[in-house]
file model-v2.txt (compact mmCIF, C-alpha atoms and all ligand atoms)
# COMPACT_ATOMS: atom_id res chain seq x y z
CA ALA O 585 -163.25 -116.07 190.93
CA ASP O 586 -161.74 -119.39 189.87
CA ALA O 587 -162.95 -118.99 186.31
CA MET O 588 -160.58 -117.31 183.88
CA ARG O 589 -162.97 -114.78 182.42
CA ILE O 590 -161.29 -112.62 179.80
CA ALA O 591 -162.93 -109.80 177.85
CA VAL O 592 -161.98 -109.69 174.18
CA PHE O 593 -162.40 -106.27 172.57
CA ALA O 594 -161.14 -106.55 168.99
CA GLY O 595 -162.08 -103.07 167.72
CA ASP O 596 -161.33 -101.65 164.29
CA GLY O 597 -159.09 -102.16 161.27
CA ILE O 598 -156.54 -104.91 161.89
CA GLY O 599 -157.81 -105.22 165.49
CA PRO O 600 -160.12 -108.19 164.78
CA GLU O 601 -157.49 -109.88 162.57
CA VAL O 602 -154.67 -109.79 165.13
CA THR O 603 -156.96 -110.50 168.09
CA ALA O 604 -158.29 -113.66 166.41
CA GLU O 605 -154.76 -115.10 166.34
CA ALA O 606 -154.12 -114.27 170.00
CA VAL O 607 -157.42 -115.94 170.89
CA ARG O 608 -156.39 -119.07 168.99
CA VAL O 609 -153.18 -119.17 171.01
CA LEU O 610 -155.06 -118.78 174.32
CA GLN O 611 -157.47 -121.54 173.33
CA ALA O 612 -154.60 -123.86 172.40
CA LEU O 613 -153.22 -123.68 175.94
CA ASP O 614 -156.11 -125.65 177.49
CA LEU O 615 -156.46 -123.21 180.35
CA PRO O 616 -158.88 -124.51 182.97
CA GLY O 617 -162.06 -122.45 183.18
CA LEU O 618 -161.13 -120.19 180.28
CA GLU O 619 -164.08 -118.06 179.23
CA LEU O 620 -163.80 -115.40 176.53
CA VAL O 621 -166.44 -112.66 176.39
CA GLU O 622 -166.52 -110.45 173.32
CA GLY O 623 -167.50 -106.80 173.42
CA ASP O 624 -167.74 -103.88 170.99
CA VAL O 625 -165.29 -100.97 171.09
CA GLY O 626 -164.20 -98.13 168.83
CA GLY O 627 -165.69 -97.30 165.47
CA ALA O 628 -167.32 -100.72 165.33
CA ALA O 629 -169.14 -99.96 168.59
CA TYR O 630 -170.08 -96.48 167.40
CA ARG O 631 -171.72 -97.89 164.28
CA LYS O 632 -173.65 -100.47 166.30
CA HIS O 633 -174.48 -98.61 169.52
CA GLY O 634 -173.82 -94.93 168.74
CA HIS O 635 -170.90 -94.81 171.20
CA PRO O 636 -167.26 -96.02 171.03
CA LEU O 637 -167.44 -97.36 174.59
CA PRO O 638 -171.05 -98.39 175.24
CA PRO O 639 -172.19 -99.22 178.82
CA GLU O 640 -172.58 -102.92 177.96
CA THR O 641 -168.89 -103.06 177.00
CA LEU O 642 -167.83 -101.44 180.28
CA GLU O 643 -170.01 -103.93 182.10
CA ILE O 644 -168.28 -106.83 180.36
CA ALA O 645 -164.91 -105.31 181.24
CA ARG O 646 -165.89 -105.07 184.91
CA SER O 647 -167.14 -108.66 184.99
CA CYS O 648 -163.83 -110.05 183.75
CA GLY O 649 -160.37 -110.49 185.29
CA ALA O 650 -158.59 -108.96 182.32
CA ILE O 651 -159.13 -107.48 178.87
CA LEU O 652 -157.47 -108.50 175.62
CA PHE O 653 -157.70 -105.47 173.34
CA GLY O 654 -156.99 -105.20 169.61
CA ALA O 655 -156.96 -101.64 168.31
CA VAL O 656 -159.38 -98.79 167.65
CA GLY O 657 -159.33 -96.04 165.07
CA ASP O 658 -161.24 -95.33 161.90
CA PHE O 659 -160.35 -92.32 159.77
CA SER O 660 -163.88 -92.18 158.33
CA LEU O 661 -165.15 -91.26 161.83
CA ASP O 662 -162.57 -88.55 162.54
CA HIS O 663 -165.14 -85.83 161.81
CA LEU O 664 -167.17 -86.82 164.89
CA GLU O 665 -167.03 -84.73 168.03
CA ARG O 666 -164.12 -85.97 170.09
CA ARG O 667 -166.14 -87.86 172.74
CA LEU O 668 -167.58 -90.09 170.01
CA ARG O 669 -164.35 -90.89 168.19
CA PRO O 670 -163.08 -94.50 168.22
CA GLU O 671 -159.98 -93.65 170.28
CA GLN O 672 -162.21 -92.67 173.19
CA ALA O 673 -162.82 -96.39 173.76
CA VAL O 674 -159.28 -97.10 174.84
CA LEU O 675 -158.91 -93.75 176.63
CA GLY O 676 -162.23 -94.34 178.40
CA LEU O 677 -161.31 -97.87 179.51
CA ARG O 678 -157.98 -96.65 180.86
CA LYS O 679 -159.67 -93.89 182.84
CA GLU O 680 -162.83 -95.70 183.97
CA LEU O 681 -160.94 -98.78 185.13
CA GLY O 682 -158.07 -96.88 186.75
CA LEU O 683 -155.48 -98.44 184.44
CA PHE O 684 -152.74 -95.94 185.26
CA ALA O 685 -149.60 -98.00 184.66
CA ASN O 686 -148.69 -98.88 181.09
CA LEU O 687 -145.82 -101.36 180.78
CA ARG O 688 -144.26 -101.47 177.33
CA PRO O 689 -141.30 -103.85 177.20
CA ALA O 690 -138.91 -103.63 174.26
CA THR O 691 -136.40 -106.45 174.02
CA VAL O 692 -134.53 -107.58 170.95
CA PHE O 693 -135.18 -111.22 170.04
CA LYS O 694 -132.00 -113.26 170.41
CA GLY O 695 -130.43 -114.06 167.06
CA LEU O 696 -132.78 -111.61 165.35
CA GLU O 697 -130.72 -108.47 165.70
CA ASP O 698 -130.94 -108.02 161.93
CA LEU O 699 -134.67 -107.26 162.21
CA THR O 700 -134.04 -103.68 163.23
CA THR O 701 -133.03 -100.71 161.15
CA LEU O 702 -130.34 -99.96 163.74
CA ARG O 703 -126.94 -101.56 163.42
CA PRO O 704 -127.29 -105.12 164.79
CA GLU O 705 -124.57 -104.65 167.44
CA VAL O 706 -126.44 -101.60 168.74
CA ALA O 707 -129.83 -103.32 168.71
CA ALA O 708 -128.43 -106.47 170.35
CA LYS O 709 -128.23 -104.66 173.68
CA ILE O 710 -131.89 -103.60 173.83
CA ASP O 711 -133.69 -104.89 176.89
CA LEU O 712 -135.76 -102.09 178.28
CA LEU O 713 -139.13 -101.42 179.82
CA ILE O 714 -141.05 -98.22 179.32
CA VAL O 715 -143.35 -97.46 182.24
CA ARG O 716 -145.82 -94.93 180.92
CA GLU O 717 -148.36 -93.06 183.05
CA LEU O 718 -151.78 -93.54 181.50
CA ASN O 719 -154.43 -91.56 183.37
CA GLY O 720 -153.15 -88.00 183.31
CA ASP O 721 -151.03 -85.49 181.40
CA VAL O 722 -152.14 -83.48 178.38
CA TYR O 723 -154.38 -86.42 177.36
CA PHE O 724 -156.96 -85.74 180.05
CA GLY O 725 -156.63 -82.00 180.71
CA GLU O 726 -159.15 -79.40 179.73
CA LYS O 727 -159.15 -78.90 175.98
CA GLY O 728 -160.99 -76.92 173.41
CA THR O 729 -161.03 -74.71 170.36
CA ARG O 730 -162.21 -71.13 170.04
CA THR O 731 -162.05 -68.14 167.77
CA LEU O 732 -159.99 -65.26 169.12
CA ASP O 733 -161.18 -61.65 168.97
CA ASP O 734 -159.08 -61.03 165.86
CA GLY O 735 -160.71 -63.99 164.11
CA ARG O 736 -157.85 -66.49 164.41
CA ARG O 737 -158.81 -70.03 165.46
CA GLN O 738 -157.05 -71.48 168.49
CA GLY O 739 -156.87 -74.95 170.00
CA TRP O 740 -155.57 -75.85 173.47
CA ASP O 741 -154.94 -78.86 175.66
CA MET O 742 -153.96 -78.41 179.26
CA MET O 743 -151.01 -80.47 180.52
CA SER O 744 -150.95 -81.26 184.22
CA TYR O 745 -150.01 -83.86 186.80
CA ALA O 746 -151.03 -83.96 190.44
CA GLU O 747 -148.36 -85.22 192.82
CA ASP O 748 -150.26 -88.38 193.79
CA GLU O 749 -150.51 -89.32 190.11
CA VAL O 750 -146.74 -88.95 189.72
CA ARG O 751 -146.06 -90.76 193.00
CA ARG O 752 -147.98 -93.92 192.11
CA ILE O 753 -146.38 -94.31 188.67
CA ALA O 754 -142.96 -93.54 190.19
CA HIS O 755 -143.51 -96.45 192.59
CA THR O 756 -144.40 -98.67 189.62
CA GLY O 757 -141.17 -97.60 187.94
CA PHE O 758 -138.99 -98.18 191.00
CA LYS O 759 -140.59 -101.56 191.73
CA ALA O 760 -140.02 -102.62 188.12
CA ALA O 761 -136.40 -101.50 188.39
CA MET O 762 -135.96 -103.51 191.59
CA GLY O 763 -137.02 -106.62 189.67
CA ARG O 764 -134.60 -105.91 186.84
CA SER O 765 -131.15 -104.31 186.84
CA LYS O 766 -132.00 -101.58 189.40
CA LYS O 767 -131.60 -98.68 187.00
CA LEU O 768 -134.40 -96.18 186.50
CA CYS O 769 -134.36 -93.27 184.07
CA SER O 770 -137.11 -90.70 184.50
CA VAL O 771 -137.84 -88.86 181.26
CA ASP O 772 -139.32 -85.37 181.36
CA LYS O 773 -139.01 -81.85 179.98
CA ALA O 774 -138.31 -80.08 183.29
CA ASN O 775 -136.20 -77.44 181.56
CA VAL O 776 -139.39 -75.99 180.05
CA LEU O 777 -142.52 -77.45 181.65
CA GLU O 778 -143.85 -76.88 185.18
CA THR O 779 -145.65 -80.22 184.92
CA SER O 780 -142.26 -81.86 184.38
CA GLN O 781 -140.59 -79.99 187.25
CA LEU O 782 -143.20 -81.33 189.64
CA TRP O 783 -142.76 -84.77 188.06
CA ARG O 784 -139.03 -84.65 188.68
CA ASP O 785 -139.37 -83.38 192.27
CA VAL O 786 -141.82 -86.14 193.17
CA VAL O 787 -139.73 -88.88 191.52
CA ILE O 788 -136.74 -87.72 193.60
CA GLU O 789 -138.87 -87.89 196.77
CA VAL O 790 -140.05 -91.41 195.97
CA ALA O 791 -136.45 -92.47 195.23
CA ARG O 792 -135.65 -92.25 198.97
CA GLU O 793 -137.75 -95.38 199.45
CA TYR O 794 -135.63 -97.29 196.91
CA PRO O 795 -132.02 -96.63 197.91
CA GLU O 796 -130.78 -99.57 195.83
CA VAL O 797 -132.08 -98.13 192.57
CA GLU O 798 -129.81 -95.88 190.57
CA LEU O 799 -132.04 -93.01 189.43
CA SER O 800 -131.22 -90.74 186.51
CA HIS O 801 -133.17 -87.99 184.75
CA MET O 802 -133.20 -87.22 181.06
CA TYR O 803 -134.98 -84.65 178.93
CA VAL O 804 -137.30 -86.25 176.42
CA ASP O 805 -135.59 -84.82 173.35
CA ASN O 806 -132.27 -86.28 174.46
CA ALA O 807 -134.00 -89.56 175.34
CA ALA O 808 -135.32 -89.82 171.78
CA MET O 809 -131.78 -89.35 170.50
CA GLN O 810 -130.19 -91.75 173.02
CA LEU O 811 -132.73 -94.46 172.17
CA VAL O 812 -131.30 -94.58 168.67
CA LYS O 813 -127.67 -93.90 169.59
CA ASN O 814 -127.28 -96.33 172.46
CA PRO O 815 -130.54 -98.01 173.55
CA GLY O 816 -128.56 -100.52 175.62
CA GLN O 817 -127.97 -97.84 178.29
CA PHE O 818 -131.63 -98.00 179.37
CA ASP O 819 -133.22 -100.48 181.68
CA VAL O 820 -136.48 -99.05 183.04
CA ILE O 821 -137.77 -95.70 181.74
CA VAL O 822 -140.57 -93.99 183.64
CA THR O 823 -142.36 -91.15 181.90
CA GLY O 824 -145.63 -89.33 181.36
CA ASN O 825 -148.48 -90.24 179.08
CA LEU O 826 -147.50 -88.28 175.95
CA PHE O 827 -143.74 -88.82 176.08
CA GLY O 828 -144.30 -92.54 176.79
CA ASP O 829 -146.60 -92.86 173.79
CA ILE O 830 -144.01 -91.39 171.45
CA LEU O 831 -140.93 -93.10 172.89
CA SER O 832 -142.57 -96.54 172.82
CA ASP O 833 -143.30 -96.37 169.09
CA GLN O 834 -139.69 -95.36 168.62
CA ALA O 835 -138.45 -98.21 170.83
CA SER O 836 -140.48 -100.67 168.76
CA MET O 837 -138.59 -99.73 165.64
CA CYS O 838 -135.29 -100.09 167.49
CA VAL O 839 -136.28 -103.69 168.28
CA GLY O 840 -137.54 -104.47 164.80
CA SER O 841 -141.10 -103.45 164.19
CA ILE O 842 -144.23 -102.01 165.72
CA GLY O 843 -145.86 -105.37 164.98
CA LEU O 844 -143.80 -106.96 167.77
CA LEU O 845 -144.42 -104.77 170.83
CA ALA O 846 -146.96 -105.74 173.47
CA SER O 847 -148.26 -103.77 176.41
CA ALA O 848 -150.04 -104.11 179.72
CA SER O 849 -152.19 -101.35 181.21
CA LEU O 850 -152.55 -102.09 184.89
CA ALA O 851 -154.63 -100.90 187.82
CA GLU O 852 -153.65 -101.55 191.43
CA GLY O 853 -153.88 -105.31 191.89
CA THR O 854 -154.04 -107.88 189.12
CA TYR O 855 -156.62 -106.31 186.80
CA GLY O 856 -155.33 -105.18 183.42
CA LEU O 857 -155.93 -104.42 179.78
CA TYR O 858 -153.48 -105.93 177.30
CA GLU O 859 -152.96 -104.63 173.79
CA PRO O 860 -150.36 -104.26 171.07
CA ILE O 861 -148.84 -100.76 171.08
CA HIS O 862 -149.81 -100.30 167.44
CA GLY O 863 -153.10 -98.99 166.10
CA SER O 864 -155.77 -100.15 163.67
CA ALA O 865 -153.44 -99.78 160.65
CA PRO O 866 -156.16 -98.81 158.15
CA ASP O 867 -153.61 -98.95 155.32
CA ILE O 868 -153.38 -102.75 155.58
CA ALA O 869 -156.70 -103.63 157.28
CA GLY O 870 -158.89 -106.40 155.89
CA GLN O 871 -156.11 -107.94 153.83
CA GLY O 872 -154.71 -110.48 156.26
CA LEU O 873 -151.34 -108.74 156.20
CA ALA O 874 -151.00 -107.56 159.79
CA ASN O 875 -148.43 -109.12 162.09
CA PRO O 876 -150.35 -110.58 165.08
CA MET O 877 -147.22 -111.17 167.19
CA ALA O 878 -147.64 -108.01 169.29
CA THR O 879 -151.16 -109.07 170.23
CA ILE O 880 -150.09 -112.68 170.89
CA LEU O 881 -147.33 -111.35 173.15
CA SER O 882 -149.94 -109.14 174.87
CA ALA O 883 -151.92 -112.29 175.66
CA ALA O 884 -148.75 -113.66 177.28
CA MET O 885 -148.50 -110.53 179.45
CA LEU O 886 -152.16 -111.02 180.36
CA LEU O 887 -151.59 -114.56 181.62
CA ARG O 888 -148.54 -113.44 183.61
CA HIS O 889 -149.87 -110.27 185.27
CA SER O 890 -153.58 -110.97 185.71
CA PHE O 891 -153.58 -114.72 186.31
CA GLY O 892 -150.08 -115.50 187.60
CA LEU O 893 -149.51 -118.05 184.81
CA GLU O 894 -145.80 -117.40 184.31
CA ASP O 895 -145.14 -120.78 182.65
CA GLN O 896 -147.86 -120.35 180.05
CA ALA O 897 -146.77 -116.77 179.38
CA ALA O 898 -143.17 -117.86 178.86
CA ARG O 899 -144.40 -120.66 176.58
CA ILE O 900 -146.14 -118.15 174.31
CA GLU O 901 -143.12 -115.86 174.24
CA ALA O 902 -140.83 -118.77 173.40
CA ALA O 903 -143.18 -119.84 170.59
CA VAL O 904 -143.10 -116.36 169.05
CA GLY O 905 -139.31 -116.32 169.33
CA LYS O 906 -139.12 -119.73 167.71
CA ALA O 907 -141.38 -118.73 164.82
CA LEU O 908 -139.18 -115.69 164.20
CA ALA O 909 -136.04 -117.81 164.42
CA GLN O 910 -137.54 -120.14 161.81
CA GLY O 911 -137.78 -117.17 159.44
CA VAL O 912 -141.44 -116.28 159.82
CA ARG O 913 -141.74 -112.60 158.84
CA GLY O 914 -144.74 -110.32 158.48
CA GLY O 915 -144.76 -107.48 156.00
CA ASP O 916 -143.71 -105.12 158.78
CA LEU O 917 -140.43 -107.08 158.92
CA GLY O 918 -139.93 -107.15 155.18
CA GLY O 919 -141.47 -110.61 154.80
CA THR O 920 -144.52 -112.02 153.06
CA ASP O 921 -146.17 -114.10 155.79
CA GLY O 922 -149.78 -113.15 156.44
CA THR O 923 -151.69 -112.86 159.71
CA ARG O 924 -153.09 -116.39 159.68
CA ALA O 925 -149.80 -117.97 158.58
CA ILE O 926 -147.97 -116.25 161.43
CA GLY O 927 -150.64 -117.43 163.86
CA ASP O 928 -150.25 -120.97 162.49
CA ALA O 929 -146.47 -120.81 162.93
CA VAL O 930 -146.76 -119.64 166.53
CA LEU O 931 -149.32 -122.37 167.28
CA ALA O 932 -147.04 -124.97 165.75
CA ALA O 933 -144.11 -123.73 167.82
CA LEU O 934 -146.24 -123.87 170.96
P1 LIG E 1001 -150.73 -97.59 163.37
O1 LIG E 1001 -149.93 -98.16 164.49
O2 LIG E 1001 -152.11 -98.10 163.22
O3 LIG E 1001 -149.95 -97.82 161.99
C1 LIG E 1001 -148.68 -97.23 161.72
C2 LIG E 1001 -147.99 -98.00 160.60
O4 LIG E 1001 -147.54 -99.26 161.11
C3 LIG E 1001 -148.89 -98.31 159.42
O5 LIG E 1001 -148.14 -98.24 158.24
C4 LIG E 1001 -149.34 -99.74 159.68
O6 LIG E 1001 -149.66 -100.47 158.52
C5 LIG E 1001 -148.12 -100.33 160.38
N1 LIG E 1001 -148.51 -101.36 161.35
C6 LIG E 1001 -149.09 -101.17 162.56
N2 LIG E 1001 -149.34 -102.34 163.14
C7 LIG E 1001 -148.92 -103.30 162.31
C8 LIG E 1001 -148.92 -104.73 162.37
N3 LIG E 1001 -149.41 -105.43 163.42
N4 LIG E 1001 -148.42 -105.42 161.32
C9 LIG E 1001 -147.90 -104.75 160.26
N5 LIG E 1001 -147.88 -103.41 160.14
C10 LIG E 1001 -148.39 -102.69 161.15
O7 LIG E 1001 -150.73 -96.01 163.58
P2 LIG E 1001 -151.51 -94.84 162.75
O8 LIG E 1001 -151.53 -95.17 161.32
O9 LIG E 1001 -150.89 -93.61 163.20
O10 LIG E 1001 -152.98 -94.89 163.34
C11 LIG E 1001 -154.06 -95.58 162.73
C12 LIG E 1001 -155.28 -95.53 163.64
O11 LIG E 1001 -155.03 -96.30 164.82
C13 LIG E 1001 -155.62 -94.13 164.12
O12 LIG E 1001 -157.02 -93.99 164.13
C14 LIG E 1001 -155.06 -94.08 165.52
O13 LIG E 1001 -155.72 -93.17 166.36
C15 LIG E 1001 -155.29 -95.49 165.97
N6 LIG E 1001 -154.41 -95.99 167.06
C16 LIG E 1001 -155.00 -96.79 168.00
C17 LIG E 1001 -154.25 -97.36 169.00
C18 LIG E 1001 -154.92 -98.21 170.02
O14 LIG E 1001 -155.99 -98.74 169.78
N7 LIG E 1001 -154.36 -98.39 171.20
C19 LIG E 1001 -152.87 -97.17 169.01
C20 LIG E 1001 -152.28 -96.37 168.02
C21 LIG E 1001 -153.08 -95.79 167.04
C1 LIG E 1002 -151.53 -95.98 172.07
C2 LIG E 1002 -152.33 -95.07 171.16
C3 LIG E 1002 -153.34 -94.27 171.95
C4 LIG E 1002 -152.54 -93.32 172.85
C5 LIG E 1002 -154.37 -93.48 171.15
C6 LIG E 1002 -155.09 -94.33 170.17
C7 LIG E 1002 -155.37 -92.82 172.04
O1 LIG E 1002 -151.49 -94.28 170.39
O2 LIG E 1002 -152.15 -96.78 172.77
O3 LIG E 1002 -150.31 -95.92 172.06
O4 LIG E 1002 -152.14 -92.24 172.43
O5 LIG E 1002 -152.35 -93.69 174.01
MN MN E 1003 -149.38 -94.83 170.55
call {"tool": "encode", "arguments": {"input": "model-v2.txt", "output": "structure tokens", "more": "lines below"}}
Ligand code: NAD
Ligand code: IPM
Ligand code: MN
result
Amino acid sequence: ADAMRIAVFAGDGIGPEVTAEAVRVLQALDLPGLELVEGDVGGAAYRKHGHPLPPETLEIARSCGAILFGAVGDFSLDHLERRLRPEQAVLGLRKELGLFANLRPATVFKGLEDLTTLRPEVAAKIDLLIVRELNGDVYFGEKGTRTLDDGRRQGWDMMSYAEDEVRRIAHTGFKAAMGRSKKLCSVDKANVLETSQLWRDVVIEVAREYPEVELSHMYVDNAAMQLVKNPGQFDVIVTGNLFGDILSDQASMCVGSIGLLASASLAEGTYGLYEPIHGSAPDIAGQGLANPMATILSAAMLLRHSFGLEDQAARIEAAVGKALAQGVRGGDLGGTDGTRAIGDAVLAAL
């Protein structure tokens, strides 16, 4: 379709606060045919419809070219059976819409190396992309709890990957590496896990199709250490769902803050869901304190990947960089600027 129809799912906690600022930025760009369609997700949707991902929300998602997503999560609903918990909204969208490839870029902002808790000269070299598989792994395996014969309670979650699942995310990783500095590091735990051994074998098979890419393998525990010791050694990291979740939060802190990292969750083709990597931050929700930059940067990724609007995406990213360079700092970066003020600063820099 010619129209730019974008679903906006704000969700819980700081979700609506940060999403509102990203929407203001999109509206300021005067995009021809822009149409924003709101839908309920997470705890908010549960309270209204009795389900964190109601059918009407899925229908909106399917009628749009992309989704801008805030965050879901509400501790007061954590007693619900798992299928009704807020987090099932984002997990359900990823699964239902085949969003298997999660791109989480982490790049230090030029001149802002002092934002991180790493030494500035270490942080200065960070320019990496985590490619996280999003439809498999321990997230979607069989799970349950039971009481053993001797009365002890037990919980389990089955970790698995099928080779086709590994193959398609490996291709995403190699293609991303081809467009960057042609270095790919596959992160696994093949010294212990069968799932990881298969992962590694399949990544090596796929590597034959990308002879120009220098492939390395690293165990996830070492990767966590290396990310802090020398993050500049990484270009593209490809990894499974759980390891990618953990390493991307860590990478955010290496760059400066979790309030800065955006992500794209992509299907085959141009369709995608775009969200900050952070959650609903209940500790600061409703106070106008959240940093909306990660969500604003997610909107930039949306324009680039789903609508091919590279110029507009770059314009948003430059505006965020400029606001930071001017000294705008959310509480996550030790500053006092609130959500709206940060949005204003980015709009002004646009
Ligand atoms: P979180 O990312 O919500 O918060 C972690 C810490 O970072 C908190 O101290 C929070 O105040 C701070 N923080 C996060 N985003 C910030 C921002 N934009 N500006 C300033 N500070 C920010 O993680 P959590 O506390 O572990 O989880 C809270 C809820 O969010 C849980 O219910 C969890 O399941 C959910 N969650 C959802 C998503 C998602 O929707 N994709 C992602 C992560 C967590
Ligand atoms: C993320 C979140 C989600 C995940 C949760 C909320 C299901 O932590 O998007 O990083 O684990 O993928
Ligand atoms: Mn996470």
call {"tool": "residues_near_ligand", "arguments": {"input": "model-v2.txt", "ligand": "ligand LIG 1002 (chain E)", "cutoff": "10 Å", "atoms": "all atoms listed in the file", "output": "number ranges by chain"}}
result
O: 626, 655-657, 669-676, 678, 686, 688, 716-719, 723, 825-833, 847, 849, 859-864
call {"tool": "residues_around", "arguments": {"input": "model-v2.txt", "residues": "O:Ser744", "least_positions_apart": "2", "cutoff": "7 Å", "atoms": "only C-alpha atoms", "output": "PyMOL selection string"}}
result
chain O and resi 721-722+725+742+746+779
call {"tool": "closest_residue", "arguments": {"input": "model-v2.txt", "among": "O:Asp916, O:Glu605, O:Asp928, O:Asp819", "to": "ligand LIG 1001 (chain E)", "atoms": "all atoms listed in the file"}}
result
O:Asp916
call {"tool": "closest_residue", "arguments": {"input": "model-v2.txt", "among": "O:Arg631, O:Ile842, O:Ala604, O:Val912", "to": "ligand MN 1003 (chain E)", "atoms": "all atoms listed in the file"}}
result
O:Ile842
call {"tool": "closest_residue", "arguments": {"input": "model-v2.txt", "among": "O:Leu799, O:Ala878, O:Val930, O:Cys769", "to": "ligand LIG 1001 (chain E)", "atoms": "only C-alpha atoms and all ligand atoms"}}
result
O:Ala878
call {"tool": "decode", "arguments": {"input": "model-v2.txt", "residues": "stretch 676-692 of chain O", "atoms": "N, CA and C atoms", "output": "PDB file, in the first residue's frame"}}
result
ATOM      1  N   GLY O 676       3.922 -12.962  21.972  1.00  0.00           N
ATOM      2  CA  GLY O 676       2.900 -13.403  21.026  1.00  0.00           C
ATOM      3  C   GLY O 676       3.033 -12.702  19.682  1.00  0.00           C
ATOM      4  N   LEU O 677       3.281 -11.402  19.692  1.00  0.00           N
ATOM      5  CA  LEU O 677       3.462 -10.675  18.430  1.00  0.00           C
ATOM      6  C   LEU O 677       4.667 -11.215  17.666  1.00  0.00           C
ATOM      7  N   ARG O 678       5.763 -11.451  18.386  1.00  0.00           N
ATOM      8  CA  ARG O 678       6.968 -11.965  17.732  1.00  0.00           C
ATOM      9  C   ARG O 678       6.676 -13.301  17.061  1.00  0.00           C
ATOM     10  N   LYS O 679       5.957 -14.162  17.766  1.00  0.00           N
ATOM     11  CA  LYS O 679       5.683 -15.507  17.252  1.00  0.00           C
ATOM     12  C   LYS O 679       4.633 -15.461  16.135  1.00  0.00           C
ATOM     13  N   GLU O 680       3.508 -14.815  16.418  1.00  0.00           N
ATOM     14  CA  GLU O 680       2.388 -14.795  15.461  1.00  0.00           C
ATOM     15  C   GLU O 680       2.774 -14.151  14.139  1.00  0.00           C
ATOM     16  N   LEU O 681       3.636 -13.131  14.211  1.00  0.00           N
ATOM     17  CA  LEU O 681       3.975 -12.377  13.001  1.00  0.00           C
ATOM     18  C   LEU O 681       5.295 -12.838  12.391  1.00  0.00           C
ATOM     19  N   GLY O 682       5.868 -13.902  12.957  1.00  0.00           N
ATOM     20  CA  GLY O 682       7.106 -14.448  12.387  1.00  0.00           C
ATOM     21  C   GLY O 682       8.275 -13.485  12.472  1.00  0.00           C
ATOM     22  N   LEU O 683       8.306 -12.683  13.534  1.00  0.00           N
ATOM     23  CA  LEU O 683       9.399 -11.706  13.706  1.00  0.00           C
ATOM     24  C   LEU O 683      10.581 -12.430  14.352  1.00  0.00           C
ATOM     25  N   PHE O 684      11.406 -13.062  13.536  1.00  0.00           N
ATOM     26  CA  PHE O 684      12.441 -13.956  14.079  1.00  0.00           C
ATOM     27  C   PHE O 684      13.791 -13.274  14.258  1.00  0.00           C
ATOM     28  N   ALA O 685      13.965 -12.122  13.621  1.00  0.00           N
ATOM     29  CA  ALA O 685      15.301 -11.494  13.639  1.00  0.00           C
ATOM     30  C   ALA O 685      15.283 -10.182  14.405  1.00  0.00           C
ATOM     31  N   ASN O 686      15.928 -10.173  15.537  1.00  0.00           N
ATOM     32  CA  ASN O 686      15.948  -8.991  16.404  1.00  0.00           C
ATOM     33  C   ASN O 686      17.299  -8.290  16.256  1.00  0.00           C
ATOM     34  N   LEU O 687      17.266  -7.084  15.686  1.00  0.00           N
ATOM     35  CA  LEU O 687      18.506  -6.313  15.518  1.00  0.00           C
ATOM     36  C   LEU O 687      18.618  -5.299  16.645  1.00  0.00           C
ATOM     37  N   ARG O 688      19.697  -5.390  17.404  1.00  0.00           N
ATOM     38  CA  ARG O 688      19.892  -4.469  18.519  1.00  0.00           C
ATOM     39  C   ARG O 688      21.247  -3.785  18.387  1.00  0.00           C
ATOM     40  N   PRO O 689      21.288  -2.649  17.702  1.00  0.00           N
ATOM     41  CA  PRO O 689      22.554  -1.950  17.519  1.00  0.00           C
ATOM     42  C   PRO O 689      22.995  -1.250  18.807  1.00  0.00           C
ATOM     43  N   ALA O 690      24.272  -1.256  19.052  1.00  0.00           N
ATOM     44  CA  ALA O 690      24.831  -0.525  20.203  1.00  0.00           C
ATOM     45  C   ALA O 690      26.061   0.233  19.712  1.00  0.00           C
ATOM     46  N   THR O 691      25.900   1.529  19.600  1.00  0.00           N
ATOM     47  CA  THR O 691      26.993   2.369  19.110  1.00  0.00           C
ATOM     48  C   THR O 691      27.149   3.542  20.060  1.00  0.00           C
ATOM     49  N   VAL O 692      28.372   3.858  20.395  1.00  0.00           N
ATOM     50  CA  VAL O 692      28.584   4.982  21.298  1.00  0.00           C
ATOM     51  C   VAL O 692      28.368   6.280  20.515  1.00  0.00           C
TER      52      VAL O 692
END
